[in-house]
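Q: Once you've had a glance at the structure underneath, I'll fire off some questions.
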Amino acid sequence: MTVHQLPADVAAFTAWLGGLAGRLDPDAGWYGVFLTRDPQGMRACFDGTDILPWDVVESLLHDLAEPPDGPGAARGRALHEAASAAHDRAPGRAAALKERRELMRHEARYAETRIRELGASPHLADELAWARDDLTRARAREAELTARLARLAAAPPASRPAGAAAPPDPPPRRRPRGARYAWLDAPEPDPAPEPPPDLPPAPAAAPRGARFAARPAAPATPPRGARFPVPPPDPAPAPPAPSAATAEQAVRAAGNAVHALRRLRAQGRSGEAHALLCQALAGPPAWLSALAAELHAAGLGADWATLLWEAASLPPARLAAVAGALADAGRPYDCDRLLRQGVARPVEELAGACAALHAEGHHAEAQALLTAFLRARTPEEAAHLAATDPTALGPALLAAARTVSPACERDLVHALRVSGRG
């Protein structure tokens, strides 16, 4: 039998975290939000499989009205740093930390862009406040990861506990991790419940868990220290449909889905609620706009964010179909967000998504996908992407690089030349 032995520092922090959670109301505050959105991910942290970022621990302390400079926070901070150091010494952690840090930098850049866009719109003050909170969280996460990497580089490799079998971590997967809480690898969601009437049947395998990617509906005033952004209100009209009957079916299916979600949430069956959201991705992409409208109207905007996060893991052709449907329905913000979250997948899949978008006439969306790719990935990876279809993707990537920055274009040209494709 394989024995998994936690390092002593990780066990100490896990015990402290468990004591903290014992004082919290699981149905209220940000702790309640975490448990609802990803119970498996929270369980992994309480089991010591992974370490919560410190800003999340701060949110739990905030639920208890613990001062950020008080003795409780100081004790937790010391335990958190020691646990992180022990956790990071395992094989493969450095690569994973670097990947997470790069994605946090990408999130910070996107938040800065959103702040500039929203700054001239006084009626979007609440959304602007959340974008600023989002930027603060991304920068804090980047700083924490940088410190952990620096500490790891200065420490000798740790020896394994006697008698313990600890296999090395697998290499980090290219899974969309651009969301604010994408730090955990959660297990598969619970099996899908019986679908309500008019809801499309579930796919053979539901997409993987959101890992804290969902964002709760924003209260009137963002809670101090929580920094959980929310998607903007949903002003978009219902999507054009081929027929009135199709539109009616989409609205009825969306209403049934929202009713079922509310019932499952009220019963504490969050895993089934998540699986129900995933089922919507198996239906007609044109129906998703109606579902978005129903979710926002019901105050379930966080569930729409979860659905977009899961959509980023769809096969290339399906991803393109969903992105195209959102663009056609007048939802450019959602389309852009989906494409940004999908750029972490393998380059071969991204090439397929671009080809599918072009085939459907969504040329602007294909270019937006390439632009997001250049902002998040390395020039060498861009050269690899160009090699999958040099005639089409080479010029398209160069055009996208020009819209990013002169430095981006210069780096891409160099990478193409080094790879023999320039």
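We name chains A, B, ... following the order of the structure tokens; residues begin at 1 in each chain, and ligands are numbered from 1 as shown.
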List as a tab-separated table (two decimals) with N, CA, C and O atoms, in the first residue's frame the protein and nucleic acid residues near Arg105 (chain A), meaning an atom at most 9 Å away when only C-alpha atoms are counted, but skip any in the same chain fewer than 6 places from it.
A:
chain	number	residue	atom	x	y	z
A	138	ALA	N	-4.61	39.87	-8.70
A	138	ALA	CA	-3.65	39.29	-9.63
A	138	ALA	C	-2.22	39.71	-9.29
A	138	ALA	O	-1.29	38.90	-9.34
A	139	ARG	N	-2.04	40.98	-8.93
A	139	ARG	CA	-0.70	41.44	-8.56
A	139	ARG	C	-0.22	40.79	-7.27
A	139	ARG	O	0.97	40.45	-7.15
A	142	GLU	N	0.81	37.28	-8.17
A	142	GLU	CA	2.09	37.27	-8.89
A	142	GLU	C	3.26	37.49	-7.93
A	142	GLU	O	4.29	36.81	-8.02
A	376	ALA	N	-0.35	35.88	-23.97
A	376	ALA	CA	-0.21	34.92	-22.87
A	376	ALA	C	0.92	33.91	-23.07
A	376	ALA	O	1.41	33.34	-22.10
Q: Could you list, as a list in words, every residue within 9 Å of region 64-76 of chain A, counting only C-alpha atoms and ignoring same-chain residues fewer than 6 positions away?
A: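 So, after excluding close chain neighbours, the residues are Phe13, Trp16, Leu17, Leu20, Arg23, Leu24, Val57 and Glu58 of chain A.
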Q: Since we have the selection now, will you write its residues out, keeping N, CA and C atoms, as a PDB file, in the first residue's frame?
A:
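Wrote it out as result13.pdb, contents follow:
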ATOM      1  N   PHE A  13       0.123  23.767   8.836  1.00  0.00           N
ATOM      2  CA  PHE A  13      -0.752  24.792   8.247  1.00  0.00           C
ATOM      3  C   PHE A  13      -2.146  24.232   7.992  1.00  0.00           C
ATOM      4  N   TRP A  16      -4.037  24.284  11.167  1.00  0.00           N
ATOM      5  CA  TRP A  16      -4.459  25.658  11.498  1.00  0.00           C
ATOM      6  C   TRP A  16      -5.632  26.088  10.626  1.00  0.00           C
ATOM      7  N   LEU A  17      -5.557  25.751   9.326  1.00  0.00           N
ATOM      8  CA  LEU A  17      -6.630  26.106   8.407  1.00  0.00           C
ATOM      9  C   LEU A  17      -7.931  25.403   8.784  1.00  0.00           C
ATOM     10  N   LEU A  20      -9.434  27.219  11.626  1.00  0.00           N
ATOM     11  CA  LEU A  20     -10.041  28.467  11.149  1.00  0.00           C
ATOM     12  C   LEU A  20     -11.408  28.192  10.534  1.00  0.00           C
ATOM     13  N   ARG A  23     -14.512  27.726  12.735  1.00  0.00           N
ATOM     14  CA  ARG A  23     -15.156  28.914  13.301  1.00  0.00           C
ATOM     15  C   ARG A  23     -16.004  29.655  12.277  1.00  0.00           C
ATOM     16  N   LEU A  24     -15.994  29.186  11.030  1.00  0.00           N
ATOM     17  CA  LEU A  24     -16.708  29.872   9.960  1.00  0.00           C
ATOM     18  C   LEU A  24     -18.056  29.226   9.690  1.00  0.00           C
ATOM     19  N   VAL A  57      -6.681  33.098   2.014  1.00  0.00           N
ATOM     20  CA  VAL A  57      -6.686  32.960   3.477  1.00  0.00           C
ATOM     21  C   VAL A  57      -7.127  34.275   4.121  1.00  0.00           C
ATOM     22  N   GLU A  58      -6.679  35.397   3.564  1.00  0.00           N
ATOM     23  CA  GLU A  58      -7.103  36.707   4.061  1.00  0.00           C
ATOM     24  C   GLU A  58      -8.619  36.860   3.998  1.00  0.00           C
TER      25      GLU A  58
END
Q: Nearest residue to Ala305 (chain A) out of A:Leu350, A:Ala292, A:Ala359, A:Ala366, using only C-alpha atoms?
A: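 Of all the options, A:Ala292 lies closest to Ala305 (chain A).
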Q: Fewer than 5 positions away in the same chain doesn't count, so skip those; otherwise give me all residues within 9 Å of Cys45 (chain A), counting only C-alpha atoms, as a PyMOL selection string.
A: chain A and resi 14+17+40+50-52+184
Q: Convert the current residue selection to file output with N, CA and C atoms, as an mmCIF file, in the first residue's frame.
A:
data_model
loop_
_atom_site.group_PDB
_atom_site.id
_atom_site.type_symbol
_atom_site.label_atom_id
_atom_site.label_comp_id
_atom_site.auth_asym_id
_atom_site.auth_seq_id
_atom_site.Cartn_x
_atom_site.Cartn_y
_atom_site.Cartn_z
ATOM 1 N N THR A 14 -2.215 22.976 7.544
ATOM 2 C CA THR A 14 -3.514 22.357 7.295
ATOM 3 C C THR A 14 -4.331 22.270 8.579
ATOM 4 N N LEU A 17 -5.557 25.751 9.326
ATOM 5 C CA LEU A 17 -6.630 26.106 8.407
ATOM 6 C C LEU A 17 -7.931 25.403 8.784
ATOM 7 N N GLN A 40 -14.589 20.269 -4.030
ATOM 8 C CA GLN A 40 -13.445 19.362 -4.164
ATOM 9 C C GLN A 40 -12.131 20.118 -4.031
ATOM 10 N N ASP A 50 -2.753 20.854 -1.833
ATOM 11 C CA ASP A 50 -2.271 22.106 -2.390
ATOM 12 C C ASP A 50 -2.385 23.174 -1.318
ATOM 13 N N ILE A 51 -1.809 24.331 -1.602
ATOM 14 C CA ILE A 51 -1.765 25.429 -0.630
ATOM 15 C C ILE A 51 -2.586 26.596 -1.161
ATOM 16 N N LEU A 52 -3.505 27.089 -0.337
ATOM 17 C CA LEU A 52 -4.280 28.257 -0.751
ATOM 18 C C LEU A 52 -3.379 29.474 -0.887
ATOM 19 N N LEU A 184 -5.863 25.129 -8.489
ATOM 20 C CA LEU A 184 -6.029 23.758 -8.036
ATOM 21 C C LEU A 184 -6.391 22.851 -9.186
#
Q: If we count only C-alpha atoms and set the cut-off at 8 Å, which residues sit around Val322 (chain A), ignoring sequence neighbours fewer than 3 positions away in its own chain? Please answer as an MDAnalysis selection string.
A: chainID A and resid 285:286 311 318:319 325:326
Q: Excluding Gly352 (chain A) and any residue of its chain fewer than 3 positions from it, enumerate the residues within 7 Å of it, using only C-alpha atoms, and give them as a VMD selection string.
A: chain A and resid 316 to 317 348 to 349 355 to 356
Q: Find the spatial neighbours of Asp9 (chain A), counting only C-alpha atoms, within a cut-off of 8 Å - ignore same-chain residues fewer than 6 positions away - and output them as a ChimeraX atom specification.
A: /A:79,82-83,86
Q: With N, CA, C and O atoms retained, write the just-selected residues as a PDB file, in the first residue's frame.
A:
ATOM      1  N   LEU A  79       2.769  30.133   9.278  1.00  0.00           N
ATOM      2  CA  LEU A  79       2.501  28.738   8.922  1.00  0.00           C
ATOM      3  C   LEU A  79       2.338  28.583   7.415  1.00  0.00           C
ATOM      4  O   LEU A  79       2.793  27.594   6.828  1.00  0.00           O
ATOM      5  N   ALA A  82       5.789  28.656   5.671  1.00  0.00           N
ATOM      6  CA  ALA A  82       6.521  27.405   5.882  1.00  0.00           C
ATOM      7  C   ALA A  82       5.914  26.265   5.075  1.00  0.00           C
ATOM      8  O   ALA A  82       6.637  25.448   4.480  1.00  0.00           O
ATOM      9  N   ALA A  83       4.592  26.208   5.033  1.00  0.00           N
ATOM     10  CA  ALA A  83       3.921  25.150   4.276  1.00  0.00           C
ATOM     11  C   ALA A  83       4.186  25.308   2.780  1.00  0.00           C
ATOM     12  O   ALA A  83       4.426  24.318   2.073  1.00  0.00           O
ATOM     13  N   ALA A  86       7.683  24.052   1.965  1.00  0.00           N
ATOM     14  CA  ALA A  86       7.765  22.592   1.965  1.00  0.00           C
ATOM     15  C   ALA A  86       7.052  21.997   0.755  1.00  0.00           C
ATOM     16  O   ALA A  86       7.533  21.053   0.128  1.00  0.00           O
TER      17      ALA A  86
END
Q: One decimal, in Å: what's the spacing between CA of Ala266 (chain A) and CA of Val251 (chain A)?
A: 22.6 Å
Q: Choose the residue, out of A:Ala247, A:Leu295, A:Ala344, A:Leu118, that has the smallest atom-to-atom separation from Arg132 (chain A); count only C-alpha atoms.
A: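 For Arg132 (chain A), the nearest of the candidates is A:Leu118.
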Q: By how many Å are CA of Leu276 (chain A) and CA of Leu264 (chain A) apart?
A: 9.5 Å
Q: In Å, rounded to a single decimal, give me how far CA of Pro7 (chain A) is from CA of Arg77 (chain A).
A: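 Straight-line distance from CA of Arg77 (chain A) to CA of Pro7 (chain A) works out to 17.3 Å.
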Q: Using only C-alpha atoms, which of the listed residues (A:Leu128, A:Ala254, A:Val413, A:Glu380) sits closest to Ala298 (chain A)?
A: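 For Ala298 (chain A), the nearest of the candidates is A:Ala254.
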